[in-house]
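Undergrad: My questions all concern the structure below.
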Amino acid sequence: MANKEDKKINHNYTIMLDELMWQKRVKSLNYLSVKTKISRPTLQRLRDNEANGINLDTLEKLCAFLNCEITDLIVKKEKVQA
């Protein structure tokens, strides 16, 4: 059985859902799911950065509810130079 680290997808971007939920005092994914009508599994994949992509409708709903810009939600990872 694969562990959580095996499911991580290596993208150049990070979804900052957990941080934004904390900043906006959104206590749970269940609450966010009910308010945005986005499925809990989708929110969980986004929070855990395990999503392969994100629907524009999902982005719009999250940004509207969290009162943020797309650039607050999706952040480019900095490259580590050797």
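Identifiers for the structure tokens are assigned positionally: chains receive A, B, ... in sequence, residues are indexed from 1 per chain, and ligands are indexed from 1 in the order shown.
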If you count only C-alpha atoms, which residues fall within 12 Å of A:Tyr31, apart from same-chain ones fewer than 5 positions away, as a list in words?

TA: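 So the residues in contact are Met21, Arg25, Val26, Thr36, Lys37, Ile38, Ser39, Arg40, Leu43 and Phe65 of chain A.
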
Undergrad: With only C-alpha atoms as the counted atoms, please give the residues lying no more than 12 Å from A:Leu66, apart from itself and same-chain residues fewer than 4 positions off, as a count of residues only.

TA: 21

Undergrad: When you draw a straight line from atom CA of A:Lys27 to atom CA of A:Lys77, how long is it in Å?

TA: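 That distance, rounded to one decimal, is 25.8 Å.
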
Undergrad: State, in Å with one decimal place, the distance from atom CA of A:Ile74 to atom CA of A:Ile15.

TA: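 Going from atom CA of A:Ile74 over to atom CA of A:Ile15, I get 4.8 Å.
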
Undergrad: For the strand (DSSP E or B) assignment from backbone DSSP, which residues of chain A qualify? Please present them as a PyMOL selection string.

TA: chain A and resi 13-15+74-76

Undergrad: Mind pulling up the distance from atom CA of A:Cys63 to atom CA of A:Thr42?

TA: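 These atoms are spaced 15.1 Å apart.
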
Undergrad: Identify, with DSSP run on backbone atoms, the residues in chain A assigned to helix (DSSP H, G or I), and express the list as a VMD selection string.

TA: chain A and resid 4 to 7 17 to 23 29 to 36 40 to 47 56 to 66 70 to 73
